[in-house]
Amino acid sequence: MITISASKEKPISLQSFWEEHLKETSKCKAMAGIVDNNLRPLLYELEQDACVEFVDVTDKDGRRIYITSLTFLFVRAAREIFDKIVITVKHSLQKGTFFDVEYDKNLTVEDVKKIEKRMRELIEQDIPFERVVCSRQEAVELLKSDVISHSNSELLEYKEDEQTHIYRCGWLTDYYYGYMVPSTGYLDVFSLKLYNHGIVLLGPSTENPNKQMRFFPQPKLFQVYREASVWGELMGVRNTYELNSVIQDGRYREVIRVTEAAHERKICEIADMIYKDREKGRLILIAGPSSSGKTSFAHRLETQLRVSGLSPITISMDNYFVERKDTPLDENGEYDFETVDAIDIDLFNEQMEKIISGEEVVVPVFDFVDGKKIFDEKNKIRVEENQPIILEGIHGLNPKLTKNIPDGNKFRIYVSPLVQINLDDHNKISTSDLRIIRRLARDTRTRGKKPQEVIEAFDKLRVGEEKYIFPFQENADVMFNSALIYELAVLKEYVAPLLNEIREDEQCYRETKRLAKFLQFFRKIEEKKDIPPTSLLREFIGGSTLVEE
């Protein structure tokens, strides 16, 4: 944190201060500044003394700014190389961003190299990104004149604020949610990869900001994202504007019913896969990041397995923690309950092997007060051949957890809410944003948490997920997308008031402010009767018949 002296007579921009005083000693470029707990772009001018913290691409806000700016540069370069090309953001992929490409031919590796070359030429020219503040209607009219990217004007038609902004970079004008860097010269670390007839845009590595991210294909995850995108198109809800339109017209009830039916059908298909290969389905491992709806999914899968004639039993992974005194410590010297080594792996494998072979086993119950496992004869179990074992836990896809159990006895399921829609053609909705909004709705309602606590805890969870969940996604036998096209329009009613409670002097304020602005783009669905009690969304808003509250 730095105190910067300024006045109305002698204002100073964050950019000029950083370049004059910090540039030579910084490992990488600043992307923005936090001024009195508010995120500000580098072009922001201070007119009074202020406490400032500069952020770079290793900070989540700094990275968003970099990728948003890089997206604008990419779209401009692509349109300069290929006339009438349409670039549409789709989703994240291996810490990059995947874009669909509509053109009169499939692009080649050489075509992608041409776009990248043009981007680097524009970076050399150091062209400014100009942020133009105007009325919402003025912005809509300006953006409508662009026949290639007209959908970006539609997004603003439902925005609650009457005042908004647009960005200009040379000849191109577009809307982007959030801030940008001052100019193209800031964006020298990136690469493009041709992948599945689209393009993956990769920014800087968070570990080494002066090198771009490496790309590792994720074919299973990509296929689930592709299915989600196709589903959105079939429903006629590809972006926020189209979702708002169906809400305004009263057609959202059908969207809810069809979306929920699609979830049920997918769960039936997974149950059928397990039934047809019952040997592989002896141990059903369900994993996924926080607020994915894993608990509701597990209950619904259990119901479908019973319909197939099976009698599944559920065992809690939490009962296999090592003794508290043996729990590994993290880099801060605190207990690390997220690591796979916090599980008594040897005991777990020994008992699972015996259970699968039909032996009787006393399953432990973990006493979280004393930090010890308790073995009681009343918890003795023996399973029959028609009784698959369902295990839900974050390490389900990690081979280390089930090291002694043959792959032929394990059916691995990855559950995550992979968003089907985006704000518009160039502004994507983050899966992490959906998860934290779900978590805010649930934990403040059922777990006595303050919104500040939920937001601060989520950042810590993300660190654990990056280490222990995301690297093993592709190990899944099947992936279940727990997102619902309509859910942000429902969650807004629960979460927006919570965000407004958080004061400007609180640590999580800048994240709160960002989420509050994000939710402004959605019209509310206030009528909940069409959301079934078995919906995964009910786990977060209440009224679930599957999850205890």
# chains A, B, ... in the order shown; residues from 1 in each chain; ligands from 1
call {"tool": "residues_around", "arguments": {"residues": "region 43-52 of chain A", "least_positions_apart": "4", "cutoff": "7 Å", "atoms": "only C-alpha atoms", "output": "PyMOL selection string"}}
result
chain A and resi 1-8+11-15+33-36+182
call {"tool": "write_last_selection", "arguments": {"atoms": "N, CA and C atoms", "output": "compact mmCIF listing (two decimals), in the first residue's frame"}}
result
# COMPACT_ATOMS: atom_id res chain seq x y z
N MET A 1 0.85 -1.20 0.00
CA MET A 1 0.00 0.00 0.00
C MET A 1 0.88 1.24 0.00
N ILE A 2 0.58 2.20 -0.89
CA ILE A 2 1.38 3.41 -1.05
C ILE A 2 0.48 4.62 -0.85
N THR A 3 0.98 5.62 -0.16
CA THR A 3 0.25 6.88 -0.05
C THR A 3 0.74 7.83 -1.13
N ILE A 4 -0.19 8.31 -1.95
CA ILE A 4 0.16 9.21 -3.05
C ILE A 4 -0.43 10.58 -2.76
N SER A 5 0.39 11.58 -2.88
CA SER A 5 -0.05 12.97 -2.64
C SER A 5 -0.54 13.57 -3.95
N ALA A 6 -1.72 14.17 -3.90
CA ALA A 6 -2.29 14.80 -5.09
C ALA A 6 -3.29 15.86 -4.65
N SER A 7 -3.67 16.73 -5.58
CA SER A 7 -4.66 17.77 -5.30
C SER A 7 -5.35 18.14 -6.60
N LYS A 8 -6.43 18.91 -6.52
CA LYS A 8 -7.12 19.35 -7.74
C LYS A 8 -6.20 20.22 -8.59
N PRO A 11 -3.31 17.21 -10.05
CA PRO A 11 -3.77 15.82 -10.11
C PRO A 11 -2.68 14.91 -10.70
N ILE A 12 -2.75 13.64 -10.38
CA ILE A 12 -1.78 12.69 -10.91
C ILE A 12 -2.50 11.38 -11.24
N SER A 13 -2.23 10.85 -12.41
CA SER A 13 -2.87 9.59 -12.80
C SER A 13 -2.10 8.42 -12.19
N LEU A 14 -2.80 7.32 -11.97
CA LEU A 14 -2.14 6.12 -11.46
C LEU A 14 -1.05 5.65 -12.40
N GLN A 15 -1.32 5.76 -13.69
CA GLN A 15 -0.34 5.32 -14.69
C GLN A 15 0.96 6.12 -14.58
N GLY A 33 -5.26 0.09 -10.15
CA GLY A 33 -4.93 0.44 -8.77
C GLY A 33 -6.16 0.31 -7.89
N ILE A 34 -5.94 -0.01 -6.62
CA ILE A 34 -7.03 -0.01 -5.65
C ILE A 34 -6.88 1.28 -4.86
N VAL A 35 -7.82 2.18 -5.04
CA VAL A 35 -7.78 3.50 -4.42
C VAL A 35 -8.85 3.55 -3.33
N ASP A 36 -8.40 3.65 -2.08
CA ASP A 36 -9.35 3.67 -0.95
C ASP A 36 -10.39 2.58 -1.08
N PRO A 182 -4.44 0.98 -20.35
CA PRO A 182 -4.45 2.24 -21.11
C PRO A 182 -4.25 2.09 -22.60
call {"tool": "closest_residue", "arguments": {"among": "A:Leu142, A:Val112, A:Val181, A:Val246", "to": "Glu130 (chain A)", "atoms": "only C-alpha atoms"}}
result
A:Val181
call {"tool": "select_by_dssp", "arguments": {"residues": "region 43-213 of chain A", "states": "strand (DSSP E or B)", "output": "MDAnalysis selection string"}}
result
chainID A and resid 45:46 50:55 86:93 96:102 128 130:135 163:169 172:174 183 191:195 198:202 204 212
call {"tool": "residues_around", "arguments": {"residues": "Thr259 (chain A)", "least_positions_apart": "3", "cutoff": "8 Å", "atoms": "only C-alpha atoms", "output": "PyMOL selection string"}}
result
chain A and resi 255-256+262-263+484-485
call {"tool": "residues_around", "arguments": {"residues": "Asp459 (chain A)", "least_positions_apart": "6", "cutoff": "12 Å", "atoms": "only C-alpha atoms", "output": "MDAnalysis selection string"}}
result
chainID A and resid 59:60 290 432:433 435:436 452:453 465:466 508 511
call {"tool": "select_by_dssp", "arguments": {"residues": "region 122-235 of chain A", "states": "alpha helix (DSSP H)", "output": "ChimeraX atom specification"}}
result
/A:122-125,136-144,151-156,219-235
call {"tool": "residues_around", "arguments": {"residues": "Leu519 (chain A)", "least_positions_apart": "3", "cutoff": "8 Å", "atoms": "only C-alpha atoms", "output": "CSV table (one decimal) with C-alpha atoms, in the first residue's frame"}}
result
chain,number,residue,atom,x,y,z
A,488,LEU,CA,-28.9,-16.2,-12.4
A,492,LYS,CA,-30.4,-12.1,-8.3
A,496,ALA,CA,-28.2,-8.5,-4.8
A,515,LEU,CA,-20.7,-8.8,-8.5
A,516,ALA,CA,-23.4,-6.2,-7.9
A,522,PHE,CA,-30.3,-9.7,-15.4
call {"tool": "atom_distance", "arguments": {"atom1": "CA of Gly178 (chain A)", "atom2": "CA of Lys513 (chain A)"}}
result
11.3 Å
call {"tool": "closest_residue", "arguments": {"among": "A:Arg257, A:Lys211, A:Lys113, A:Arg510", "to": "Ile81 (chain A)", "atoms": "only C-alpha atoms"}}
result
A:Lys113
call {"tool": "decode", "arguments": {"residues": "region 67-87 of chain A", "atoms": "N, CA and C atoms", "output": "PDB file, in the first residue's frame"}}
result
ATOM      1  N   ILE A  67      -7.138  -9.745 -19.697  1.00  0.00           N
ATOM      2  CA  ILE A  67      -7.827 -10.618 -20.654  1.00  0.00           C
ATOM      3  C   ILE A  67      -8.930  -9.864 -21.389  1.00  0.00           C
ATOM      4  N   THR A  68      -9.633  -8.963 -20.710  1.00  0.00           N
ATOM      5  CA  THR A  68     -10.649  -8.151 -21.381  1.00  0.00           C
ATOM      6  C   THR A  68     -10.019  -7.298 -22.463  1.00  0.00           C
ATOM      7  N   SER A  69      -8.913  -6.650 -22.158  1.00  0.00           N
ATOM      8  CA  SER A  69      -8.217  -5.809 -23.128  1.00  0.00           C
ATOM      9  C   SER A  69      -7.673  -6.649 -24.284  1.00  0.00           C
ATOM     10  N   LEU A  70      -7.132  -7.816 -23.946  1.00  0.00           N
ATOM     11  CA  LEU A  70      -6.579  -8.705 -24.961  1.00  0.00           C
ATOM     12  C   LEU A  70      -7.664  -9.212 -25.905  1.00  0.00           C
ATOM     13  N   THR A  71      -8.863  -9.450 -25.344  1.00  0.00           N
ATOM     14  CA  THR A  71      -9.989  -9.874 -26.183  1.00  0.00           C
ATOM     15  C   THR A  71     -10.337  -8.806 -27.213  1.00  0.00           C
ATOM     16  N   PHE A  72     -10.401  -7.543 -26.785  1.00  0.00           N
ATOM     17  CA  PHE A  72     -10.698  -6.447 -27.708  1.00  0.00           C
ATOM     18  C   PHE A  72      -9.644  -6.387 -28.818  1.00  0.00           C
ATOM     19  N   LEU A  73      -8.375  -6.508 -28.434  1.00  0.00           N
ATOM     20  CA  LEU A  73      -7.288  -6.473 -29.415  1.00  0.00           C
ATOM     21  C   LEU A  73      -7.419  -7.637 -30.397  1.00  0.00           C
ATOM     22  N   PHE A  74      -7.735  -8.812 -29.891  1.00  0.00           N
ATOM     23  CA  PHE A  74      -7.895 -10.001 -30.722  1.00  0.00           C
ATOM     24  C   PHE A  74      -9.034  -9.823 -31.724  1.00  0.00           C
ATOM     25  N   VAL A  75     -10.168  -9.320 -31.262  1.00  0.00           N
ATOM     26  CA  VAL A  75     -11.322  -9.118 -32.152  1.00  0.00           C
ATOM     27  C   VAL A  75     -10.972  -8.115 -33.246  1.00  0.00           C
ATOM     28  N   ARG A  76     -10.332  -7.022 -32.869  1.00  0.00           N
ATOM     29  CA  ARG A  76      -9.958  -6.017 -33.877  1.00  0.00           C
ATOM     30  C   ARG A  76      -9.000  -6.612 -34.911  1.00  0.00           C
ATOM     31  N   ALA A  77      -7.950  -7.304 -34.461  1.00  0.00           N
ATOM     32  CA  ALA A  77      -6.965  -7.867 -35.391  1.00  0.00           C
ATOM     33  C   ALA A  77      -7.606  -8.882 -36.333  1.00  0.00           C
ATOM     34  N   ALA A  78      -8.489  -9.740 -35.794  1.00  0.00           N
ATOM     35  CA  ALA A  78      -9.148 -10.757 -36.623  1.00  0.00           C
ATOM     36  C   ALA A  78      -9.999 -10.104 -37.700  1.00  0.00           C
ATOM     37  N   ARG A  79     -10.701  -9.038 -37.351  1.00  0.00           N
ATOM     38  CA  ARG A  79     -11.568  -8.368 -38.324  1.00  0.00           C
ATOM     39  C   ARG A  79     -10.761  -7.599 -39.367  1.00  0.00           C
ATOM     40  N   GLU A  80      -9.568  -7.194 -39.028  1.00  0.00           N
ATOM     41  CA  GLU A  80      -8.720  -6.521 -40.021  1.00  0.00           C
ATOM     42  C   GLU A  80      -8.100  -7.501 -41.003  1.00  0.00           C
ATOM     43  N   ILE A  81      -7.870  -8.728 -40.564  1.00  0.00           N
ATOM     44  CA  ILE A  81      -7.272  -9.732 -41.442  1.00  0.00           C
ATOM     45  C   ILE A  81      -8.327 -10.433 -42.297  1.00  0.00           C
ATOM     46  N   PHE A  82      -9.499 -10.714 -41.701  1.00  0.00           N
ATOM     47  CA  PHE A  82     -10.538 -11.459 -42.405  1.00  0.00           C
ATOM     48  C   PHE A  82     -11.840 -10.662 -42.404  1.00  0.00           C
ATOM     49  N   ASP A  83     -12.226 -10.186 -43.554  1.00  0.00           N
ATOM     50  CA  ASP A  83     -13.422  -9.358 -43.688  1.00  0.00           C
ATOM     51  C   ASP A  83     -14.676 -10.158 -43.310  1.00  0.00           C
ATOM     52  N   LYS A  84     -15.538  -9.552 -42.506  1.00  0.00           N
ATOM     53  CA  LYS A  84     -16.823 -10.119 -42.084  1.00  0.00           C
ATOM     54  C   LYS A  84     -16.699 -11.352 -41.182  1.00  0.00           C
ATOM     55  N   ILE A  85     -15.548 -11.557 -40.597  1.00  0.00           N
ATOM     56  CA  ILE A  85     -15.405 -12.651 -39.628  1.00  0.00           C
ATOM     57  C   ILE A  85     -16.167 -12.285 -38.359  1.00  0.00           C
ATOM     58  N   VAL A  86     -16.792 -13.278 -37.723  1.00  0.00           N
ATOM     59  CA  VAL A  86     -17.527 -13.069 -36.479  1.00  0.00           C
ATOM     60  C   VAL A  86     -16.838 -13.883 -35.386  1.00  0.00           C
ATOM     61  N   ILE A  87     -16.396 -13.186 -34.355  1.00  0.00           N
ATOM     62  CA  ILE A  87     -15.720 -13.817 -33.221  1.00  0.00           C
ATOM     63  C   ILE A  87     -16.660 -13.781 -32.018  1.00  0.00           C
TER      64      ILE A  87
END
